[in-house]
file entry-v3.cif (mmCIF, C-alpha atoms)
data_work
loop_
_atom_site.group_PDB
_atom_site.id
_atom_site.type_symbol
_atom_site.label_atom_id
_atom_site.label_comp_id
_atom_site.auth_asym_id
_atom_site.auth_seq_id
_atom_site.Cartn_x
_atom_site.Cartn_y
_atom_site.Cartn_z
ATOM 1 C CA MET P 1051 116.905 28.672 133.866
ATOM 2 C CA SER P 1052 117.955 31.818 135.750
ATOM 3 C CA ALA P 1053 116.758 32.619 139.238
ATOM 4 C CA ALA P 1054 114.114 35.256 139.858
ATOM 5 C CA PRO P 1055 115.724 38.730 140.058
ATOM 6 C CA HIS P 1056 116.567 39.966 143.524
ATOM 7 C CA ALA P 1057 118.166 43.098 144.899
ATOM 8 C CA ALA P 1058 121.653 42.112 146.014
ATOM 9 C CA ALA P 1059 124.066 39.256 146.662
ATOM 10 C CA PRO P 1060 125.100 38.353 150.232
ATOM 11 C CA HIS P 1061 128.656 39.663 149.833
ATOM 12 C CA ALA P 1062 127.864 42.868 147.948
ATOM 13 C CA ALA P 1063 130.301 45.758 148.415
ATOM 14 C CA ALA P 1064 129.269 48.352 150.992
ATOM 15 C CA GLY P 1065 130.044 51.322 148.768
ATOM 16 C CA PRO P 1066 130.874 52.296 145.176
ATOM 17 C CA VAL P 1067 133.461 50.261 143.261
ATOM 18 C CA THR P 1068 135.870 51.939 140.824
ATOM 19 C CA VAL P 1069 137.735 50.053 138.110
ATOM 20 C CA ARG P 1070 140.603 51.481 136.058
ATOM 21 C CA VAL P 1071 140.957 50.090 132.531
ATOM 22 C CA PRO P 1072 143.584 50.740 129.825
ATOM 23 C CA ALA P 1073 143.459 51.744 126.188
ATOM 24 C CA LYS P 1074 145.048 49.470 123.594
ATOM 25 C CA VAL P 1075 147.048 49.710 120.433
ATOM 26 C CA ASN P 1076 147.103 46.951 117.817
ATOM 27 C CA VAL P 1077 150.788 46.577 117.014
ATOM 28 C CA GLN P 1078 149.644 44.065 114.403
ATOM 29 C CA LEU P 1079 146.224 43.857 112.790
ATOM 30 C CA ALA P 1080 146.033 41.271 110.008
ATOM 31 C CA VAL P 1081 142.535 41.150 108.503
ATOM 32 C CA GLY P 1082 140.924 38.327 106.559
ATOM 33 C CA ALA P 1083 138.019 38.461 104.150
ATOM 34 C CA ALA P 1084 134.500 39.079 105.447
ATOM 35 C CA ARG P 1085 132.849 35.984 106.917
ATOM 36 C CA ALA P 1086 129.259 34.904 106.383
ATOM 37 C CA ASP P 1087 128.313 36.473 109.730
ATOM 38 C CA GLY P 1088 129.719 39.830 108.654
ATOM 39 C CA PHE P 1089 132.773 39.665 110.920
ATOM 40 C CA HIS P 1090 136.370 39.273 109.706
ATOM 41 C CA ASP P 1091 138.902 36.742 110.932
ATOM 42 C CA LEU P 1092 141.814 38.557 112.546
ATOM 43 C CA ALA P 1093 145.323 37.911 113.756
ATOM 44 C CA THR P 1094 145.932 40.902 115.968
ATOM 45 C CA VAL P 1095 148.545 41.650 118.574
ATOM 46 C CA PHE P 1096 147.043 43.782 121.325
ATOM 47 C CA LEU P 1097 149.181 45.915 123.604
ATOM 48 C CA ALA P 1098 147.631 47.710 126.594
ATOM 49 C CA VAL P 1099 148.985 51.221 127.173
ATOM 50 C CA SER P 1100 149.010 53.486 130.228
ATOM 51 C CA LEU P 1101 146.065 55.633 129.166
ATOM 52 C CA TYR P 1102 142.999 54.889 131.248
ATOM 53 C CA ASP P 1103 139.280 55.286 131.754
ATOM 54 C CA GLU P 1104 137.756 54.761 135.187
ATOM 55 C CA VAL P 1105 134.270 53.341 135.718
ATOM 56 C CA THR P 1106 132.567 53.645 139.119
ATOM 57 C CA ALA P 1107 129.598 51.407 139.916
ATOM 58 C CA THR P 1108 127.177 52.591 142.621
ATOM 59 C CA ALA P 1109 124.116 50.679 143.820
ATOM 60 C CA THR P 1110 120.760 52.386 143.209
ATOM 61 C CA SER P 1111 117.119 51.663 143.959
ATOM 62 C CA GLY P 1112 116.178 51.586 140.268
ATOM 63 C CA ASP P 1113 115.318 48.665 138.014
ATOM 64 C CA GLY P 1114 118.120 49.075 135.490
ATOM 65 C CA PRO P 1115 121.515 50.647 134.839
ATOM 66 C CA THR P 1116 122.019 54.379 134.402
ATOM 67 C CA VAL P 1117 125.153 55.972 132.930
ATOM 68 C CA GLY P 1118 126.992 59.257 133.440
ATOM 69 C CA CYS P 1119 130.187 60.410 131.769
ATOM 70 C CA GLU P 1120 132.782 63.158 132.100
ATOM 71 C CA GLY P 1121 136.081 63.951 130.423
ATOM 72 C CA PRO P 1122 137.349 64.564 126.863
ATOM 73 C CA GLY P 1123 134.783 63.466 124.270
ATOM 74 C CA SER P 1124 132.133 62.670 126.884
ATOM 75 C CA ASP P 1125 129.514 64.527 124.836
ATOM 76 C CA GLN P 1126 129.883 61.757 122.211
ATOM 77 C CA VAL P 1127 129.272 58.905 124.678
ATOM 78 C CA PRO P 1128 125.724 57.470 124.705
ATOM 79 C CA LEU P 1129 124.157 57.572 128.158
ATOM 80 C CA ASP P 1130 121.348 55.107 127.466
ATOM 81 C CA ARG P 1131 121.315 51.326 127.464
ATOM 82 C CA THR P 1132 123.181 51.188 124.159
ATOM 83 C CA ASN P 1133 126.317 52.107 126.128
ATOM 84 C CA LEU P 1134 128.544 49.038 126.412
ATOM 85 C CA ALA P 1135 128.989 49.617 130.146
ATOM 86 C CA ALA P 1136 125.212 49.473 130.663
ATOM 87 C CA ARG P 1137 124.989 46.348 128.500
ATOM 88 C CA ALA P 1138 127.737 44.756 130.605
ATOM 89 C CA ALA P 1139 125.785 45.416 133.803
ATOM 90 C CA GLU P 1140 122.619 43.941 132.306
ATOM 91 C CA LEU P 1141 124.441 40.866 131.003
ATOM 92 C CA LEU P 1142 126.108 40.117 134.338
ATOM 93 C CA ALA P 1143 122.885 40.737 136.282
ATOM 94 C CA ALA P 1144 120.932 38.392 134.002
ATOM 95 C CA ARG P 1145 123.547 35.667 134.513
ATOM 96 C CA ALA P 1146 123.359 36.072 138.301
ATOM 97 C CA GLY P 1147 119.593 36.519 138.577
ATOM 98 C CA LEU P 1148 119.964 40.080 139.879
ATOM 99 C CA THR P 1149 118.220 43.349 139.111
ATOM 100 C CA PRO P 1150 120.864 45.601 137.436
ATOM 101 C CA ALA P 1151 120.182 48.478 139.841
ATOM 102 C CA VAL P 1152 123.425 50.380 139.341
ATOM 103 C CA HIS P 1153 124.702 53.774 138.256
ATOM 104 C CA LEU P 1154 127.862 53.669 136.146
ATOM 105 C CA HIS P 1155 129.978 56.810 136.083
ATOM 106 C CA ILE P 1156 132.626 56.867 133.338
ATOM 107 C CA ALA P 1157 135.632 59.158 133.679
ATOM 108 C CA LYS P 1158 136.981 59.300 130.122
ATOM 109 C CA ASN P 1159 140.584 59.751 129.113
ATOM 110 C CA ILE P 1160 140.752 57.209 126.269
ATOM 111 C CA PRO P 1161 139.846 58.937 122.969
ATOM 112 C CA VAL P 1162 136.242 58.350 121.903
ATOM 113 C CA ALA P 1163 135.824 56.561 118.537
ATOM 114 C CA GLY P 1164 139.603 56.668 118.220
ATOM 115 C CA GLY P 1165 140.554 53.056 117.497
ATOM 116 C CA MET P 1166 141.853 52.530 121.048
ATOM 117 C CA ALA P 1167 138.902 50.448 122.351
ATOM 118 C CA GLY P 1168 137.578 53.077 124.756
ATOM 119 C CA GLY P 1169 134.008 51.767 124.612
ATOM 120 C CA SER P 1170 135.195 48.192 124.971
ATOM 121 C CA ALA P 1171 137.365 49.224 127.923
ATOM 122 C CA ASP P 1172 134.332 50.746 129.645
ATOM 123 C CA GLY P 1173 132.355 47.543 129.072
ATOM 124 C CA ALA P 1174 135.087 45.440 130.669
ATOM 125 C CA ALA P 1175 135.443 47.883 133.558
ATOM 126 C CA ALA P 1176 131.689 47.917 134.211
ATOM 127 C CA LEU P 1177 131.606 44.116 134.195
ATOM 128 C CA LEU P 1178 134.388 43.901 136.783
ATOM 129 C CA ALA P 1179 132.995 46.771 138.890
ATOM 130 C CA CYS P 1180 129.496 45.278 139.021
ATOM 131 C CA ASP P 1181 130.918 41.853 139.817
ATOM 132 C CA ALA P 1182 132.667 43.369 142.845
ATOM 133 C CA LEU P 1183 129.725 45.609 143.788
ATOM 134 C CA TRP P 1184 127.341 42.658 143.801
ATOM 135 C CA GLY P 1185 129.787 40.290 145.513
ATOM 136 C CA LEU P 1186 129.570 37.678 142.772
ATOM 137 C CA ALA P 1187 133.237 36.587 142.569
ATOM 138 C CA THR P 1188 132.663 35.348 139.013
ATOM 139 C CA PRO P 1189 135.608 33.208 137.811
ATOM 140 C CA ARG P 1190 137.943 35.011 135.420
ATOM 141 C CA GLU P 1191 137.236 32.624 132.539
ATOM 142 C CA GLU P 1192 133.495 33.263 132.855
ATOM 143 C CA LEU P 1193 134.075 37.024 132.898
ATOM 144 C CA LEU P 1194 136.119 36.666 129.690
ATOM 145 C CA GLU P 1195 133.245 34.723 128.094
ATOM 146 C CA LEU P 1196 130.833 37.519 129.023
ATOM 147 C CA CYS P 1197 133.308 40.046 127.612
ATOM 148 C CA ALA P 1198 133.320 38.164 124.286
ATOM 149 C CA GLU P 1199 129.514 38.393 124.176
ATOM 150 C CA LEU P 1200 129.788 42.166 124.528
ATOM 151 C CA GLY P 1201 132.341 42.730 121.750
ATOM 152 C CA SER P 1202 135.531 41.601 120.052
ATOM 153 C CA ASP P 1203 137.892 43.951 121.943
ATOM 154 C CA VAL P 1204 136.281 43.650 125.376
ATOM 155 C CA PRO P 1205 138.136 40.484 126.524
ATOM 156 C CA PHE P 1206 141.525 42.134 125.992
ATOM 157 C CA SER P 1207 140.449 45.200 127.970
ATOM 158 C CA LEU P 1208 139.862 42.882 130.912
ATOM 159 C CA LEU P 1209 143.104 40.934 130.357
ATOM 160 C CA GLY P 1210 145.561 43.748 129.550
ATOM 161 C CA GLY P 1211 149.292 43.260 129.039
ATOM 162 C CA ALA P 1212 150.024 41.904 125.575
ATOM 163 C CA ALA P 1213 148.133 39.188 123.731
ATOM 164 C CA LEU P 1214 147.551 37.628 120.341
ATOM 165 C CA GLY P 1215 143.885 37.798 119.382
ATOM 166 C CA THR P 1216 142.391 35.396 116.828
ATOM 167 C CA GLY P 1217 138.866 34.644 115.650
ATOM 168 C CA ARG P 1218 137.327 38.118 115.508
ATOM 169 C CA GLY P 1219 139.907 39.167 118.113
ATOM 170 C CA GLU P 1220 138.187 37.699 121.169
ATOM 171 C CA LEU P 1221 140.293 34.499 121.436
ATOM 172 C CA LEU P 1222 143.338 35.575 123.399
ATOM 173 C CA THR P 1223 146.779 34.089 123.998
ATOM 174 C CA PRO P 1224 149.084 36.186 126.223
ATOM 175 C CA VAL P 1225 152.465 36.965 124.653
ATOM 176 C CA PRO P 1226 155.661 38.394 126.187
ATOM 177 C CA ALA P 1227 156.364 42.101 125.717
ATOM 178 C CA GLY P 1228 159.168 44.405 126.810
ATOM 179 C CA ARG P 1229 158.609 48.005 127.815
ATOM 180 C CA PHE P 1230 157.907 50.500 125.034
ATOM 181 C CA HIS P 1231 157.058 54.199 124.894
ATOM 182 C CA TRP P 1232 154.341 55.726 122.731
ATOM 183 C CA VAL P 1233 152.792 58.987 121.623
ATOM 184 C CA PHE P 1234 149.181 58.972 120.454
ATOM 185 C CA ALA P 1235 147.877 61.759 118.245
ATOM 186 C CA VAL P 1236 144.140 62.250 118.688
ATOM 187 C CA ALA P 1237 142.446 63.261 115.439
ATOM 188 C CA HIS P 1238 139.721 65.822 114.909
ATOM 189 C CA GLY P 1239 136.509 63.766 115.011
ATOM 190 C CA GLY P 1240 136.043 60.006 115.282
ATOM 191 C CA LEU P 1241 135.856 57.136 112.843
ATOM 192 C CA SER P 1242 133.385 54.263 113.037
ATOM 193 C CA THR P 1243 134.987 50.819 113.134
ATOM 194 C CA PRO P 1244 132.210 49.203 111.017
ATOM 195 C CA THR P 1245 132.693 51.953 108.414
ATOM 196 C CA VAL P 1246 136.425 51.220 108.224
ATOM 197 C CA PHE P 1247 135.787 47.491 107.781
ATOM 198 C CA ARG P 1248 133.301 48.241 104.990
ATOM 199 C CA GLU P 1249 135.956 50.358 103.298
ATOM 200 C CA PHE P 1250 138.431 47.478 103.696
ATOM 201 C CA ASP P 1251 135.911 45.221 101.953
ATOM 202 C CA ARG P 1252 135.482 47.776 99.151
ATOM 203 C CA LEU P 1253 139.224 48.192 98.646
ATOM 204 C CA THR P 1254 139.843 44.420 98.578
ATOM 205 C CA GLU P 1255 136.813 43.482 96.498
ATOM 206 C CA GLY P 1256 137.765 41.082 93.717
ATOM 207 C CA THR P 1257 141.139 40.253 95.264
ATOM 208 C CA ALA P 1258 142.253 37.160 97.157
ATOM 209 C CA VAL P 1259 142.545 38.236 100.790
ATOM 210 C CA PRO P 1260 145.012 35.889 102.536
ATOM 211 C CA ALA P 1261 144.137 34.232 105.834
ATOM 212 C CA PRO P 1262 145.451 36.420 108.656
ATOM 213 C CA ARG P 1263 148.537 35.200 110.480
ATOM 214 C CA ALA P 1264 150.544 36.576 113.361
ATOM 215 C CA SER P 1265 153.954 37.946 112.386
ATOM 216 C CA ALA P 1266 156.752 35.953 113.995
ATOM 217 C CA GLU P 1267 159.091 38.899 113.372
ATOM 218 C CA LEU P 1268 156.778 41.304 115.191
ATOM 219 C CA LEU P 1269 156.231 38.940 118.128
ATOM 220 C CA ALA P 1270 159.995 38.508 118.514
ATOM 221 C CA ALA P 1271 160.528 42.280 118.419
ATOM 222 C CA LEU P 1272 157.793 42.798 120.997
ATOM 223 C CA ALA P 1273 159.314 40.229 123.346
ATOM 224 C CA SER P 1274 162.809 41.681 122.943
ATOM 225 C CA GLY P 1275 161.862 45.150 124.185
ATOM 226 C CA ASP P 1276 164.028 46.576 121.368
ATOM 227 C CA PRO P 1277 162.291 49.678 119.952
ATOM 228 C CA ASP P 1278 164.369 49.630 116.764
ATOM 229 C CA ALA P 1279 163.338 46.029 116.015
ATOM 230 C CA LEU P 1280 159.669 46.865 116.609
ATOM 231 C CA ALA P 1281 159.924 50.056 114.558
ATOM 232 C CA ALA P 1282 161.176 48.046 111.584
ATOM 233 C CA VAL P 1283 157.909 46.084 111.321
ATOM 234 C CA LEU P 1284 155.262 48.530 112.598
ATOM 235 C CA PRO P 1285 154.614 50.611 109.446
ATOM 236 C CA ARG P 1286 153.296 47.600 107.517
ATOM 237 C CA SER P 1287 151.512 45.839 110.380
ATOM 238 C CA ASN P 1288 147.987 47.317 110.259
ATOM 239 C CA GLY P 1289 145.798 45.810 107.543
ATOM 240 C CA LEU P 1290 143.077 48.398 108.203
ATOM 241 C CA GLN P 1291 145.388 51.367 107.712
ATOM 242 C CA PRO P 1292 144.759 51.717 103.942
ATOM 243 C CA ALA P 1293 141.001 51.805 104.611
ATOM 244 C CA ALA P 1294 141.371 54.389 107.393
ATOM 245 C CA LEU P 1295 143.587 56.560 105.158
ATOM 246 C CA SER P 1296 141.113 56.216 102.292
ATOM 247 C CA LEU P 1297 138.362 57.601 104.535
ATOM 248 C CA ARG P 1298 140.568 60.177 106.260
ATOM 249 C CA PRO P 1299 143.456 61.091 103.897
ATOM 250 C CA GLU P 1300 144.615 63.835 106.266
ATOM 251 C CA LEU P 1301 145.893 61.158 108.656
ATOM 252 C CA ALA P 1302 148.840 60.656 106.282
ATOM 253 C CA ARG P 1303 149.993 64.178 107.230
ATOM 254 C CA THR P 1304 149.842 63.270 110.918
ATOM 255 C CA LEU P 1305 151.910 60.138 110.312
ATOM 256 C CA GLU P 1306 154.482 62.161 108.383
ATOM 257 C CA ALA P 1307 154.592 64.850 111.082
ATOM 258 C CA GLY P 1308 155.190 62.325 113.869
ATOM 259 C CA VAL P 1309 158.060 60.620 112.089
ATOM 260 C CA ALA P 1310 159.550 64.010 111.123
ATOM 261 C CA ALA P 1311 159.391 64.967 114.809
ATOM 262 C CA GLY P 1312 161.597 62.014 115.716
ATOM 263 C CA ALA P 1313 159.283 59.047 116.231
ATOM 264 C CA LEU P 1314 160.861 55.712 115.305
ATOM 265 C CA ALA P 1315 157.698 54.614 113.471
ATOM 266 C CA GLY P 1316 154.026 55.464 113.209
ATOM 267 C CA LEU P 1317 150.805 53.675 112.321
ATOM 268 C CA VAL P 1318 147.067 54.148 112.512
ATOM 269 C CA SER P 1319 145.833 52.727 115.821
ATOM 270 C CA GLY P 1320 143.342 49.961 115.062
ATOM 271 C CA SER P 1321 140.564 51.326 112.864
ATOM 272 C CA GLY P 1322 141.680 54.903 113.559
ATOM 273 C CA PRO P 1323 141.593 57.809 113.433
ATOM 274 C CA THR P 1324 144.069 58.009 116.342
ATOM 275 C CA THR P 1325 147.649 57.532 115.162
ATOM 276 C CA ALA P 1326 150.302 55.820 117.292
ATOM 277 C CA PHE P 1327 154.011 56.639 117.326
ATOM 278 C CA LEU P 1328 156.723 54.468 118.817
ATOM 279 C CA VAL P 1329 159.454 56.533 120.505
ATOM 280 C CA ARG P 1330 162.721 55.591 122.170
ATOM 281 C CA ASP P 1331 161.926 56.827 125.678
ATOM 282 C CA GLU P 1332 159.687 59.204 127.622
ATOM 283 C CA GLU P 1333 161.892 62.210 126.900
ATOM 284 C CA ALA P 1334 161.668 61.563 123.160
ATOM 285 C CA GLY P 1335 157.914 61.101 123.555
ATOM 286 C CA LEU P 1336 157.487 64.528 125.142
ATOM 287 C CA LYS P 1337 159.439 66.105 122.262
ATOM 288 C CA VAL P 1338 157.416 64.293 119.584
ATOM 289 C CA ALA P 1339 154.159 65.199 121.328
ATOM 290 C CA ALA P 1340 155.103 68.879 121.498
ATOM 291 C CA GLU P 1341 155.970 68.978 117.794
ATOM 292 C CA LEU P 1342 152.797 67.132 116.837
ATOM 293 C CA ASP P 1343 150.748 69.590 118.917
ATOM 294 C CA ALA P 1344 152.446 72.463 117.084
ATOM 295 C CA SER P 1345 151.994 70.858 113.647
ATOM 296 C CA GLY P 1346 148.230 71.399 113.513
ATOM 297 C CA THR P 1347 147.735 67.851 112.210
ATOM 298 C CA CYS P 1348 145.956 66.551 115.327
ATOM 299 C CA ARG P 1349 143.637 67.718 118.104
ATOM 300 C CA ALA P 1350 145.641 66.475 121.101
ATOM 301 C CA THR P 1351 148.448 64.106 122.070
ATOM 302 C CA ARG P 1352 149.009 61.555 124.832
ATOM 303 C CA VAL P 1353 152.400 60.236 125.990
ATOM 304 C CA THR P 1354 152.178 56.673 127.339
ATOM 305 C CA SER P 1355 154.044 53.433 127.874
ATOM 306 C CA SER P 1356 153.271 49.727 127.589
ATOM 307 C CA PRO P 1357 152.426 47.103 128.600
ATOM 308 C CA ALA P 1358 149.770 48.094 131.130
ATOM 309 C CA ALA P 1359 147.656 45.985 133.454
ATOM 310 C CA GLY P 1360 144.116 45.129 132.408
ATOM 311 C CA ALA P 1361 140.938 46.187 134.205
ATOM 312 C CA THR P 1362 141.755 46.593 137.908
ATOM 313 C CA VAL P 1363 139.599 47.324 140.933
ATOM 314 C CA LEU P 1364 141.020 50.372 142.723
ATOM 315 C CA ALA P 1365 141.307 50.278 146.508
#

call {"tool": "encode", "arguments": {"input": "entry-v3.cif", "output": "structure tokens"}}
result
Amino acid sequence: MSAAPHAAAPHAAAGPVTVRVPAKVNVQLAVGAARADGFHDLATVFLAVSLYDEVTATATSGDGPTVGCEGPGSDQVPLDRTNLAARAAELLAARAGLTPAVHLHIAKNIPVAGGMAGGSADGAAALLACDALWGLATPREELLELCAELGSDVPFSLLGGAALGTGRGELLTPVPAGRFHWVFAVAHGGLSTPTVFREFDRLTEGTAVPAPRASAELLAALASGDPDALAAVLPRSNGLQPAALSLRPELARTLEAGVAAGALAGLVSGSGPTTAFLVRDEEAGLKVAAELDASGTCRATRVTSSPAAGATVLA
């Protein structure tokens, strides 16, 4: 039974706490058939990339979390308690017997509804920021359990680096990864992850969907740091890509444009509609990004690298 709510913990931070948290790309996303609970079993290889949101937690005198947001796509971010950052604050406060009196300010740079886990990243960042703000020092394993309650991608946003996700993606095993360079093409408009999974179910209806398994070839390529080896397996690694392309056929033009511009390989990032392009180095990435921007097949581009650290409290 939880303790009665109170205002603050003895070792609460004196001022606001800011946490930086990375976006992700699924370099593999093997999808199983729908389960009885509506989720799908996955074998997914997460890779954190150097594209970040920042979440700042500030103590207030209220009785619940409030949310503010700025940056690209911020007009699409809910500012009520449906926001995953607000839910994270409430979940942690309930566990600790605290009143979730906190304002969460989100500085967005991860594309919204883009298949790069921006909302999940904000949930993980809010959890870590509130933990520091309230002086809770919650063990890492317990924070990961709370992340899993919030959503399938949230644990990886806390962990970062590279990891194999099983179950619905929340069961993580870190894996080795060399350094890689990426260009992300941000599409016009977003794409709902549940909608993409429903389209996957429609497209695979009546067929035997194999149990998802991690690709040994992809894991070896990732560990090697060899972009050519990774490029050889990327185009066929996302089981949700046919569903995303079915819903947004124009993404095929973006994929073609990125490869024509010199990318080693391209794929839809997660459930889309952001597309990810593996490039040889940063210089090649800047060239591919410029040509994608000029192609008219996307709204914006981001040049990044991987792996990146997970959610981190900034000094």

call {"tool": "residues_around", "arguments": {"input": "entry-v3.cif", "residues": "range 1117-1128 of chain P", "least_positions_apart": "2", "cutoff": "7 Å", "atoms": "all atoms listed in the file", "output": "list in words"}}
result
Pro1115, Asp1130, Thr1132, Asn1133, Ala1136, His1153, Leu1154, His1155, Ile1156, Ala1157, Lys1158, Asn1159, Pro1161 and Val1162 of chain P

call {"tool": "resolve_selection", "arguments": {"input": "entry-v3.cif", "expression": "the PyMOL selection byres ((chain P and resi 1331-1334) around 8)", "output": "ChimeraX atom specification"}}
result
/P:1230-1231,1312-1313,1329-1330,1335-1338,1353-1354

call {"tool": "atom_distance", "arguments": {"input": "entry-v3.cif", "atom1": "CA of Ser1242 in chain P", "atom2": "CA of Gly1165 in chain P"}}
result
8.5 Å

call {"tool": "resolve_selection", "arguments": {"input": "entry-v3.cif", "expression": "the PyMOL selection byres ((chain P and resi 1262) around 12)", "output": "PyMOL selection string"}}
result
chain P and resi 1078-1084+1090-1095+1214-1219+1258-1261+1263-1265+1287-1289

call {"tool": "atom_distance", "arguments": {"input": "entry-v3.cif", "atom1": "CA of Ala1294 in chain P", "atom2": "CA of Ala1163 in chain P"}}
result
12.6 Å

call {"tool": "closest_residue", "arguments": {"input": "entry-v3.cif", "among": "P:Ser1170, P:Thr1304, P:Thr1324, P:Thr1254", "to": "Pro1292 in chain P", "atoms": "only C-alpha atoms"}}
result
P:Thr1254

call {"tool": "residues_around", "arguments": {"input": "entry-v3.cif", "residues": "Glu1104 in chain P", "least_positions_apart": "4", "cutoff": "12 Å", "atoms": "all atoms listed in the file", "output": "ChimeraX atom specification"}}
result
/P:1067-1073,1118-1121,1135,1154-1160,1168-1169,1171-1176,1178-1179,1360-1364

call {"tool": "resolve_selection", "arguments": {"input": "entry-v3.cif", "expression": "the PyMOL selection byres ((chain P and resi 1341) around 12)", "output": "list in words"}}
result
Val1233, Ala1235, Thr1304, Glu1306, Ala1307, Gly1308, Val1309, Ala1310, Ala1311, Gly1312, Ala1313, Ala1334, Gly1335, Leu1336, Lys1337, Val1338, Ala1339, Ala1340, Leu1342, Asp1343, Ala1344, Ser1345, Gly1346, Thr1347, Cys1348, Ala1350 and Thr1351 of chain P

call {"tool": "atom_distance", "arguments": {"input": "entry-v3.cif", "atom1": "CA of Leu1301 in chain P", "atom2": "CA of Leu1097 in chain P"}}
result
21.6 Å

call {"tool": "closest_residue", "arguments": {"input": "entry-v3.cif", "among": "P:Leu1297, P:Leu1177, P:Ala1227, P:Leu1317", "to": "Ser1274 in chain P", "atoms": "all atoms listed in the file"}}
result
P:Ala1227

call {"tool": "closest_residue", "arguments": {"input": "entry-v3.cif", "among": "P:Leu1295, P:Cys1197, P:Leu1269, P:Ala1182", "to": "Ala1213 in chain P", "atoms": "only C-alpha atoms"}}
result
P:Leu1269

call {"tool": "residues_near_point", "arguments": {"input": "entry-v3.cif", "point": "(131.8, 52.3, 110.5)", "cutoff": "12 Å", "atoms": "all atoms listed in the file", "output": "PyMOL selection string"}}
result
chain P and resi 1163-1165+1240-1251+1293-1294+1297+1321-1323

call {"tool": "closest_residue", "arguments": {"input": "entry-v3.cif", "among": "P:Ala1270, P:Leu1134, P:Val1225, P:Leu1129", "to": "Glu1199 in chain P", "atoms": "all atoms listed in the file"}}
result
P:Leu1134

call {"tool": "closest_residue", "arguments": {"input": "entry-v3.cif", "among": "P:Leu1148, P:Ser1207, P:Arg1137, P:Val1099", "to": "Asp1113 in chain P", "atoms": "all atoms listed in the file"}}
result
P:Leu1148

call {"tool": "closest_residue", "arguments": {"input": "entry-v3.cif", "among": "P:Phe1234, P:Tyr1102, P:Trp1184, P:Phe1327", "to": "Ala1358 in chain P", "atoms": "all atoms listed in the file"}}
result
P:Tyr1102

call {"tool": "residues_around", "arguments": {"input": "entry-v3.cif", "residues": "Gly1210 in chain P", "least_positions_apart": "4", "cutoff": "6 Å", "atoms": "all atoms listed in the file", "output": "MDAnalysis selection string"}}
result
chainID P and resid 1098 1206 1359:1360

call {"tool": "axis_aligned_box", "arguments": {"input": "entry-v3.cif", "around": "range 1166-1173 of chain P", "padding_each_side": "5 Å", "output": "lines of an AutoDock Vina configuration file"}}
result
center_x = 137.1
center_y = 50.3
center_z = 125.3
size_x = 19.5
size_y = 15.5
size_z = 18.6
